[in-house]
>>> print(open('structure-v7.txt').read())   # compact mmCIF, C-alpha atoms and all ligand atoms
# COMPACT_ATOMS: atom_id res chain seq x y z
CA MET A 1 -61.31 -22.20 -70.10
CA ARG A 2 -58.34 -24.22 -68.95
CA THR A 3 -56.00 -22.38 -66.61
CA ALA A 4 -52.65 -23.30 -65.08
CA ILE A 5 -52.27 -21.73 -61.64
CA ILE A 6 -48.77 -21.45 -60.22
CA SER A 7 -47.40 -19.81 -57.08
CA ASP A 8 -44.33 -19.26 -54.91
CA ILE A 9 -41.60 -19.58 -57.53
CA HIS A 10 -39.10 -17.79 -55.27
CA GLY A 11 -36.42 -17.20 -57.87
CA ASN A 12 -36.02 -20.91 -58.62
CA LEU A 13 -35.49 -20.85 -62.40
CA GLU A 14 -34.92 -24.60 -62.84
CA ALA A 15 -38.23 -25.37 -61.10
CA LEU A 16 -40.10 -22.73 -63.11
CA GLN A 17 -38.69 -23.97 -66.42
CA ALA A 18 -39.65 -27.58 -65.57
CA VAL A 19 -43.18 -26.50 -64.65
CA LEU A 20 -43.56 -24.40 -67.82
CA LYS A 21 -42.46 -27.41 -69.86
CA ASP A 22 -45.15 -29.52 -68.16
CA ILE A 23 -47.74 -26.77 -68.69
CA GLU A 24 -46.94 -26.73 -72.42
CA LYS A 25 -48.19 -30.31 -72.66
CA GLN A 26 -51.44 -29.48 -70.84
CA ARG A 27 -52.98 -27.33 -73.58
CA VAL A 28 -53.96 -24.52 -71.22
CA ASP A 29 -55.47 -21.23 -72.35
CA ARG A 30 -53.53 -19.14 -69.86
CA ILE A 31 -51.34 -19.05 -66.78
CA ILE A 32 -52.20 -17.27 -63.53
CA CYS A 33 -49.44 -16.67 -60.97
CA LEU A 34 -50.29 -16.16 -57.30
CA GLY A 35 -47.14 -14.27 -56.37
CA ASP A 36 -43.80 -14.67 -54.60
CA VAL A 37 -42.06 -14.76 -57.94
CA ILE A 38 -38.85 -13.76 -56.15
CA GLY A 39 -37.18 -14.02 -52.72
CA TYR A 40 -35.01 -16.91 -51.39
CA GLY A 41 -33.86 -18.18 -54.80
CA PRO A 42 -30.85 -17.34 -57.01
CA ASN A 43 -32.57 -16.19 -60.26
CA PRO A 44 -35.06 -13.40 -59.49
CA ARG A 45 -34.56 -11.52 -62.79
CA GLU A 46 -34.99 -14.57 -65.01
CA CYS A 47 -38.12 -15.67 -63.12
CA LEU A 48 -39.62 -12.18 -63.33
CA ASP A 49 -39.04 -12.08 -67.09
CA LEU A 50 -40.91 -15.36 -67.53
CA VAL A 51 -43.82 -14.37 -65.27
CA MET A 52 -44.16 -11.00 -67.02
CA LYS A 53 -45.33 -12.95 -70.10
CA MET A 54 -48.16 -14.60 -68.17
CA GLN A 55 -51.75 -13.40 -68.37
CA VAL A 56 -52.31 -12.64 -64.67
CA CYS A 57 -50.09 -12.22 -61.60
CA VAL A 58 -50.97 -11.03 -58.09
CA ILE A 59 -48.47 -9.75 -55.54
CA GLY A 60 -46.87 -11.88 -52.80
CA ASN A 61 -45.19 -10.78 -49.59
CA HIS A 62 -41.68 -11.28 -51.02
CA ASP A 63 -42.52 -9.34 -54.18
CA TYR A 64 -43.86 -6.57 -51.97
CA GLY A 65 -40.82 -6.71 -49.67
CA ALA A 66 -38.43 -6.36 -52.60
CA VAL A 67 -39.86 -3.01 -53.71
CA ASN A 68 -40.97 -1.70 -50.31
CA ASP A 69 -39.50 -1.99 -46.83
CA PRO A 70 -39.63 -5.64 -45.77
CA GLU A 71 -41.59 -6.25 -42.59
CA GLY A 72 -42.09 -9.37 -40.51
CA PHE A 73 -39.46 -11.53 -42.24
CA SER A 74 -36.95 -13.82 -40.52
CA ALA A 75 -33.30 -12.68 -40.55
CA ALA A 76 -32.40 -15.10 -43.37
CA ALA A 77 -35.45 -14.12 -45.42
CA GLU A 78 -34.72 -10.41 -44.95
CA ARG A 79 -31.10 -10.81 -46.08
CA ALA A 80 -32.35 -12.72 -49.11
CA ILE A 81 -34.81 -9.91 -49.85
CA PHE A 82 -32.12 -7.23 -49.79
CA TRP A 83 -29.95 -9.36 -52.06
CA THR A 84 -32.95 -9.92 -54.35
CA ARG A 85 -33.66 -6.19 -54.47
CA GLN A 86 -30.05 -5.55 -55.58
CA GLN A 87 -30.42 -8.14 -58.31
CA VAL A 88 -33.63 -6.61 -59.59
CA GLU A 89 -32.28 -3.07 -59.48
CA ARG A 90 -28.96 -3.99 -61.01
CA SER A 91 -28.97 -4.93 -64.65
CA ASP A 92 -26.78 -4.47 -67.70
CA ASP A 93 -29.64 -2.62 -69.27
CA PRO A 94 -31.25 0.00 -66.99
CA GLU A 95 -34.41 -0.25 -69.09
CA ASP A 96 -34.75 -3.95 -68.13
CA ALA A 97 -34.36 -3.05 -64.45
CA ARG A 98 -37.01 -0.34 -64.75
CA ARG A 99 -39.42 -2.71 -66.48
CA ARG A 100 -39.06 -5.32 -63.73
CA ILE A 101 -39.48 -2.81 -60.89
CA GLN A 102 -42.54 -1.29 -62.59
CA PHE A 103 -44.03 -4.76 -62.98
CA LEU A 104 -43.57 -5.50 -59.26
CA MET A 105 -44.98 -2.13 -58.22
CA LYS A 106 -48.10 -2.53 -60.31
CA LEU A 107 -49.06 -6.06 -59.25
CA PRO A 108 -52.61 -6.21 -57.86
CA ARG A 109 -53.40 -7.73 -54.45
CA ILE A 110 -56.45 -9.60 -55.73
CA TYR A 111 -57.60 -10.86 -59.09
CA SER A 112 -61.25 -11.73 -59.35
CA GLU A 113 -63.23 -13.24 -62.20
CA ASP A 114 -66.65 -14.94 -62.38
CA LYS A 115 -66.89 -14.93 -58.56
CA VAL A 116 -63.58 -16.82 -58.32
CA LEU A 117 -60.77 -15.15 -56.40
CA TYR A 118 -57.00 -15.38 -56.82
CA VAL A 119 -54.71 -14.14 -54.03
CA HIS A 120 -51.29 -14.90 -52.57
CA GLY A 121 -52.21 -15.31 -48.88
CA SER A 122 -55.89 -15.10 -48.05
CA ILE A 123 -58.90 -13.06 -49.06
CA ARG A 124 -58.83 -11.27 -45.68
CA ASN A 125 -55.20 -10.22 -45.99
CA PRO A 126 -54.12 -10.96 -49.56
CA ILE A 127 -50.40 -10.31 -49.13
CA ASN A 128 -49.58 -11.65 -45.69
CA GLU A 129 -52.08 -14.01 -44.09
CA TYR A 130 -51.26 -17.72 -43.97
CA VAL A 131 -54.02 -20.31 -44.12
CA PHE A 132 -52.31 -23.46 -42.86
CA PRO A 133 -53.81 -26.98 -42.88
CA ASP A 134 -53.97 -26.80 -39.06
CA ASP A 135 -56.19 -23.71 -39.27
CA ILE A 136 -59.17 -26.05 -39.76
CA TYR A 137 -59.19 -26.20 -35.94
CA ASN A 138 -59.43 -22.41 -35.77
CA ARG A 139 -63.16 -22.24 -36.26
CA ARG A 140 -63.46 -18.45 -36.13
CA LYS A 141 -60.74 -17.93 -38.73
CA MET A 142 -62.29 -20.46 -41.11
CA GLU A 143 -65.76 -19.00 -40.68
CA ARG A 144 -64.49 -15.50 -41.48
CA LEU A 145 -62.56 -16.62 -44.53
CA PHE A 146 -65.44 -18.64 -45.97
CA MET A 147 -67.79 -15.74 -45.31
CA MET A 148 -65.59 -13.47 -47.43
CA ILE A 149 -65.54 -15.68 -50.51
CA GLU A 150 -68.44 -16.18 -52.88
CA THR A 151 -67.34 -19.41 -54.49
CA TYR A 152 -63.71 -20.44 -54.87
CA CYS A 153 -60.49 -18.83 -53.76
CA PHE A 154 -57.14 -19.94 -55.16
CA GLN A 155 -54.22 -19.11 -52.90
CA GLY A 156 -50.59 -19.94 -52.08
CA HIS A 157 -48.13 -18.55 -49.49
CA THR A 158 -47.89 -21.61 -47.18
CA HIS A 159 -46.28 -23.78 -49.89
CA GLN A 160 -48.62 -26.58 -48.69
CA PRO A 161 -51.04 -27.68 -51.44
CA GLY A 162 -54.56 -28.90 -50.79
CA ILE A 163 -58.23 -27.98 -50.54
CA PHE A 164 -60.10 -26.41 -47.63
CA THR A 165 -63.80 -27.32 -47.71
CA PRO A 166 -66.69 -25.53 -45.96
CA ASP A 167 -67.04 -28.38 -43.42
CA TYR A 168 -63.59 -27.32 -42.12
CA SER A 169 -61.61 -30.15 -43.64
CA PHE A 170 -58.25 -29.90 -45.34
CA LEU A 171 -57.64 -32.38 -48.14
CA PRO A 172 -54.03 -32.85 -49.28
CA PRO A 173 -53.69 -33.73 -53.01
CA ASP A 174 -52.68 -37.38 -52.46
CA SER A 175 -55.90 -37.96 -50.47
CA PHE A 176 -57.93 -37.56 -53.69
CA HIS A 177 -55.23 -38.85 -56.08
CA TYR A 178 -54.42 -35.35 -57.33
CA LYS A 179 -57.73 -34.86 -59.16
CA TYR A 180 -60.68 -33.19 -57.48
CA ARG A 181 -64.12 -32.24 -58.69
CA LEU A 182 -65.40 -29.12 -56.93
CA THR A 183 -68.95 -29.91 -55.88
CA GLU A 184 -68.98 -27.76 -52.73
CA PRO A 185 -70.43 -24.26 -53.21
CA LYS A 186 -67.22 -22.81 -51.73
CA ALA A 187 -63.61 -23.91 -51.31
CA MET A 188 -60.15 -22.48 -50.74
CA ILE A 189 -57.59 -24.16 -52.95
CA ASN A 190 -53.90 -23.87 -52.11
CA VAL A 191 -51.96 -24.54 -55.30
CA GLY A 192 -48.65 -25.30 -53.56
CA SER A 193 -45.23 -24.00 -54.53
CA VAL A 194 -43.18 -24.20 -57.72
CA GLY A 195 -39.84 -23.18 -56.24
CA GLN A 196 -39.83 -24.29 -52.60
CA PRO A 197 -42.40 -27.01 -51.74
CA ARG A 198 -42.95 -27.57 -48.01
CA ASP A 199 -45.23 -30.62 -47.87
CA GLU A 200 -42.41 -33.17 -47.62
CA ASP A 201 -42.48 -33.67 -51.40
CA CYS A 202 -39.57 -31.90 -53.07
CA ARG A 203 -41.19 -31.86 -56.52
CA SER A 204 -42.65 -28.58 -57.81
CA CYS A 205 -46.40 -28.28 -57.44
CA TYR A 206 -49.04 -26.42 -59.46
CA VAL A 207 -52.68 -26.72 -60.45
CA ILE A 208 -54.71 -27.04 -63.65
CA TYR A 209 -58.18 -25.58 -63.21
CA GLU A 210 -60.93 -26.34 -65.68
CA PRO A 211 -64.23 -25.80 -63.85
CA PRO A 212 -65.34 -27.78 -61.96
CA ASN A 213 -62.12 -29.83 -61.99
CA VAL A 214 -58.87 -29.12 -60.20
CA GLU A 215 -55.80 -31.20 -60.94
CA PHE A 216 -52.64 -30.94 -58.83
CA ARG A 217 -49.48 -31.74 -60.77
CA ARG A 218 -46.04 -32.56 -59.35
CA VAL A 219 -42.99 -31.93 -61.49
CA GLU A 220 -39.39 -33.02 -60.91
CA TYR A 221 -36.54 -30.63 -61.59
CA ASP A 222 -32.77 -30.66 -61.10
CA ILE A 223 -32.48 -29.53 -57.47
CA ASP A 224 -28.66 -29.79 -57.54
CA ILE A 225 -28.38 -26.91 -60.00
CA THR A 226 -30.53 -24.54 -57.93
CA ALA A 227 -29.06 -25.59 -54.57
CA ASN A 228 -25.48 -25.17 -55.80
CA LYS A 229 -26.27 -21.66 -57.02
CA ILE A 230 -27.67 -20.84 -53.57
CA PHE A 231 -24.61 -22.29 -51.80
CA ALA A 232 -22.38 -20.04 -53.94
CA ILE A 233 -24.16 -16.81 -52.92
CA ALA A 234 -23.09 -15.53 -49.49
CA ASP A 235 -26.28 -13.54 -48.89
CA LEU A 236 -28.48 -16.61 -49.39
CA ASP A 237 -28.49 -18.86 -46.30
CA PRO A 238 -27.36 -22.43 -47.21
CA PHE A 239 -30.49 -23.62 -45.40
CA LEU A 240 -32.47 -22.24 -48.36
CA GLY A 241 -30.71 -24.75 -50.63
CA GLU A 242 -30.85 -27.66 -48.20
CA ARG A 243 -34.59 -27.39 -47.68
CA LEU A 244 -35.22 -27.85 -51.42
CA TYR A 245 -34.06 -31.48 -51.12
CA ARG A 246 -36.27 -32.11 -48.10
CA GLY A 247 -39.33 -30.34 -49.47
CA ASN A 248 -40.05 -28.64 -46.18
ZN ZN B 1 -43.78 -17.95 -50.62
>>> encode(input="structure-v7.txt", output="structure tokens")
Amino acid sequence: MRTAIISDIHGNLEALQAVLKDIEKQRVDRIICLGDVIGYGPNPRECLDLVMKMQVCVIGNHDYGAVNDPEGFSAAAERAIFWTRQQVERSDDPEDARRRIQFLMKLPRIYSEDKVLYVHGSIRNPINEYVFPDDIYNRRKMERLFMMIETYCFQGHTHQPGIFTPDYSFLPPDSFHYKYRLTEPKAMINVGSVGQPRDEDCRSCYVIYEPPNVEFRRVEYDIDITANKIFAIADLDPFLGERLYRGN
């Protein structure tokens, strides 16, 4: 089974389309999405429609915030969430709007298969917990997280791709030339972000998983198009467009 795992699209349609084009060439059997389909970006409806065709999707904190009351977001993120909610609820066809809202409301927090877990944040708190590269120095946190997984856990949320190993190391993709063979009994794999990378590389990131191999792929897209859309929408902070160029 060859699976493409994507995460954190954040309403960035140009990035998602570029990644889907790359996935087409990879002969995968299916696509799993780790959430945050919407929030921040200018095309929430279009991104939702594309993700609704995928085989599996779990819920992210922005997806949750768009259909429930947002909690714990920065001022700019919260404004973007309210704008996003309007976009999802407003549609020429009320049936389309209903379909998208239903989809968001029914997303599971965890998807699990053959002892492998798929979440947005972490296994301990699937919607909201961040597992940052620096958390390798937080021994207790790492111990707890590794205790809660049986084998592998694919996650997103930080927009920082890489692999956490049971010896409390974090390996960014360039450290193993983007291809990694999972020999450890356990690992947490952050697949990075399609729509708003934050590891100083502005290209979209996603993963191809064919046990025991994990390949991180970087895909270029036309940032100008997305950023200009953001700059033209008053409720989306210009910072959200600027950061796409920096990849942070
Ligand atoms: Zn996110």
>>> atom_distance(input="structure-v7.txt", atom1="atom CA of A:Leu13", atom2="atom CA of A:Ala66")
17.7 Å
>>> residues_near_ligand(input="structure-v7.txt", ligand="ligand ZN 1 (chain B)", cutoff="6 Å", atoms="all atoms listed in the file", output="short mmCIF file (atom, residue, chain, number, x, y, z; two decimals) with C-alpha atoms, keeping the file's coordinate frame")
data_model
loop_
_atom_site.label_atom_id
_atom_site.label_comp_id
_atom_site.auth_asym_id
_atom_site.auth_seq_id
_atom_site.Cartn_x
_atom_site.Cartn_y
_atom_site.Cartn_z
CA ASP A 8 -44.33 -19.26 -54.91
CA ASP A 36 -43.80 -14.67 -54.60
CA HIS A 157 -48.13 -18.55 -49.49
#
>>> atom_distance(input="structure-v7.txt", atom1="atom CA of A:Tyr168", atom2="atom CA of A:Arg139")
7.8 Å
>>> closest_residue(input="structure-v7.txt", among="A:Ala227, A:Val214, A:Val119, A:Ile163", to="A:Val56", atoms="all atoms listed in the file")
A:Val119
>>> atom_distance(input="structure-v7.txt", atom1="atom CA of A:Lys115", atom2="atom CA of A:Met147")
13.3 Å
>>> residues_around(input="structure-v7.txt", residues="A:Asp49", least_positions_apart="4", cutoff="8 Å", atoms="all atoms listed in the file", output="list in words")
Arg45, Lys53 and Arg100 of chain A
>>> closest_residue(input="structure-v7.txt", among="A:Val194, A:Ile9, A:Ile32, A:Ala97", to="A:Ile208", atoms="only C-alpha atoms")
A:Ile32
>>> residues_around(input="structure-v7.txt", residues="A:Ser193", least_positions_apart="4", cutoff="12 Å", atoms="all atoms listed in the file", output="PyMOL selection string")
chain A and resi 5-12+15-16+19+33-37+120+155-162+197-207+216-219+244+247-248
>>> closest_residue(input="structure-v7.txt", among="A:Leu48, A:Tyr118, A:Asn190, A:Met105", to="A:Tyr130", atoms="all atoms listed in the file")
A:Asn190
>>> residues_around(input="structure-v7.txt", residues="A:Ile225", least_positions_apart="2", cutoff="10 Å", atoms="all atoms listed in the file", output="list in words")
Asn12, Leu13, Glu14, Tyr221, Asp222, Ile223, Ala227, Asn228, Lys229, Ile230 and Gly241 of chain A
>>> decode(input="structure-v7.txt", residues="stretch 42-65 of chain A", atoms="N, CA, C and O atoms", output="tab-separated table (two decimals), in the first residue's frame")
chain	number	residue	atom	x	y	z
A	42	PRO	N	-6.97	31.87	1.38
A	42	PRO	CA	-8.10	32.50	0.69
A	42	PRO	C	-9.11	31.57	0.02
A	42	PRO	O	-10.14	32.04	-0.43
A	43	ASN	N	-8.84	30.27	-0.07
A	43	ASN	CA	-9.77	29.37	-0.79
A	43	ASN	C	-10.25	28.18	0.03
A	43	ASN	O	-10.05	27.01	-0.36
A	44	PRO	N	-10.93	28.43	1.15
A	44	PRO	CA	-11.37	27.31	1.99
A	44	PRO	C	-12.34	26.36	1.28
A	44	PRO	O	-12.21	25.13	1.39
A	45	ARG	N	-13.30	26.91	0.54
A	45	ARG	CA	-14.31	26.04	-0.10
A	45	ARG	C	-13.67	25.11	-1.13
A	45	ARG	O	-13.94	23.91	-1.16
A	46	GLU	N	-12.80	25.67	-1.96
A	46	GLU	CA	-12.19	24.88	-3.03
A	46	GLU	C	-11.30	23.78	-2.43
A	46	GLU	O	-11.27	22.65	-2.94
A	47	CYS	N	-10.59	24.12	-1.34
A	47	CYS	CA	-9.73	23.11	-0.72
A	47	CYS	C	-10.58	22.01	-0.07
A	47	CYS	O	-10.26	20.83	-0.18
A	48	LEU	N	-11.67	22.41	0.58
A	48	LEU	CA	-12.55	21.40	1.18
A	48	LEU	C	-13.07	20.44	0.11
A	48	LEU	O	-13.08	19.23	0.31
A	49	ASP	N	-13.50	20.99	-1.03
A	49	ASP	CA	-14.06	20.13	-2.07
A	49	ASP	C	-13.04	19.10	-2.56
A	49	ASP	O	-13.39	17.96	-2.87
A	50	LEU	N	-11.78	19.50	-2.64
A	50	LEU	CA	-10.75	18.56	-3.09
A	50	LEU	C	-10.46	17.50	-2.01
A	50	LEU	O	-10.30	16.32	-2.31
A	51	VAL	N	-10.42	17.93	-0.75
A	51	VAL	CA	-10.11	16.97	0.33
A	51	VAL	C	-11.27	16.00	0.55
A	51	VAL	O	-11.06	14.84	0.92
A	52	MET	N	-12.49	16.46	0.27
A	52	MET	CA	-13.65	15.57	0.46
A	52	MET	C	-13.58	14.35	-0.46
A	52	MET	O	-14.26	13.36	-0.22
A	53	LYS	N	-12.76	14.42	-1.50
A	53	LYS	CA	-12.62	13.27	-2.42
A	53	LYS	C	-11.56	12.29	-1.92
A	53	LYS	O	-11.39	11.21	-2.50
A	54	MET	N	-10.81	12.69	-0.89
A	54	MET	CA	-9.72	11.82	-0.42
A	54	MET	C	-10.27	10.71	0.47
A	54	MET	O	-11.38	10.79	0.97
A	55	GLN	N	-9.42	9.67	0.67
A	55	GLN	CA	-9.91	8.47	1.34
A	55	GLN	C	-10.07	8.68	2.85
A	55	GLN	O	-10.98	8.15	3.46
A	56	VAL	N	-9.15	9.45	3.46
A	56	VAL	CA	-9.20	9.65	4.91
A	56	VAL	C	-8.86	11.10	5.22
A	56	VAL	O	-7.97	11.68	4.58
A	57	CYS	N	-9.55	11.69	6.21
A	57	CYS	CA	-9.14	13.00	6.71
A	57	CYS	C	-9.46	13.05	8.20
A	57	CYS	O	-10.52	12.59	8.62
A	58	VAL	N	-8.53	13.56	9.00
A	58	VAL	CA	-8.79	13.78	10.43
A	58	VAL	C	-8.93	15.28	10.66
A	58	VAL	O	-8.55	16.09	9.81
A	59	ILE	N	-9.46	15.66	11.82
A	59	ILE	CA	-9.75	17.07	12.06
A	59	ILE	C	-8.55	17.82	12.66
A	59	ILE	O	-7.83	17.28	13.50
A	60	GLY	N	-8.37	19.07	12.20
A	60	GLY	CA	-7.33	19.94	12.77
A	60	GLY	C	-7.97	21.04	13.60
A	60	GLY	O	-9.19	21.22	13.58
A	61	ASN	N	-7.14	21.80	14.31
A	61	ASN	CA	-7.69	22.84	15.18
A	61	ASN	C	-8.41	23.94	14.41
A	61	ASN	O	-9.40	24.49	14.89
A	62	HIS	N	-7.96	24.26	13.21
A	62	HIS	CA	-8.66	25.29	12.42
A	62	HIS	C	-9.97	24.77	11.86
A	62	HIS	O	-10.95	25.52	11.78
A	63	ASP	N	-10.00	23.50	11.47
A	63	ASP	CA	-11.25	22.90	10.98
A	63	ASP	C	-12.27	22.91	12.11
A	63	ASP	O	-13.44	23.24	11.93
A	64	TYR	N	-11.80	22.57	13.30
A	64	TYR	CA	-12.66	22.53	14.49
A	64	TYR	C	-13.15	23.95	14.82
A	64	TYR	O	-14.33	24.17	15.06
A	65	GLY	N	-12.22	24.91	14.79
A	65	GLY	CA	-12.56	26.29	15.10
A	65	GLY	C	-13.58	26.89	14.15
A	65	GLY	O	-14.37	27.76	14.52
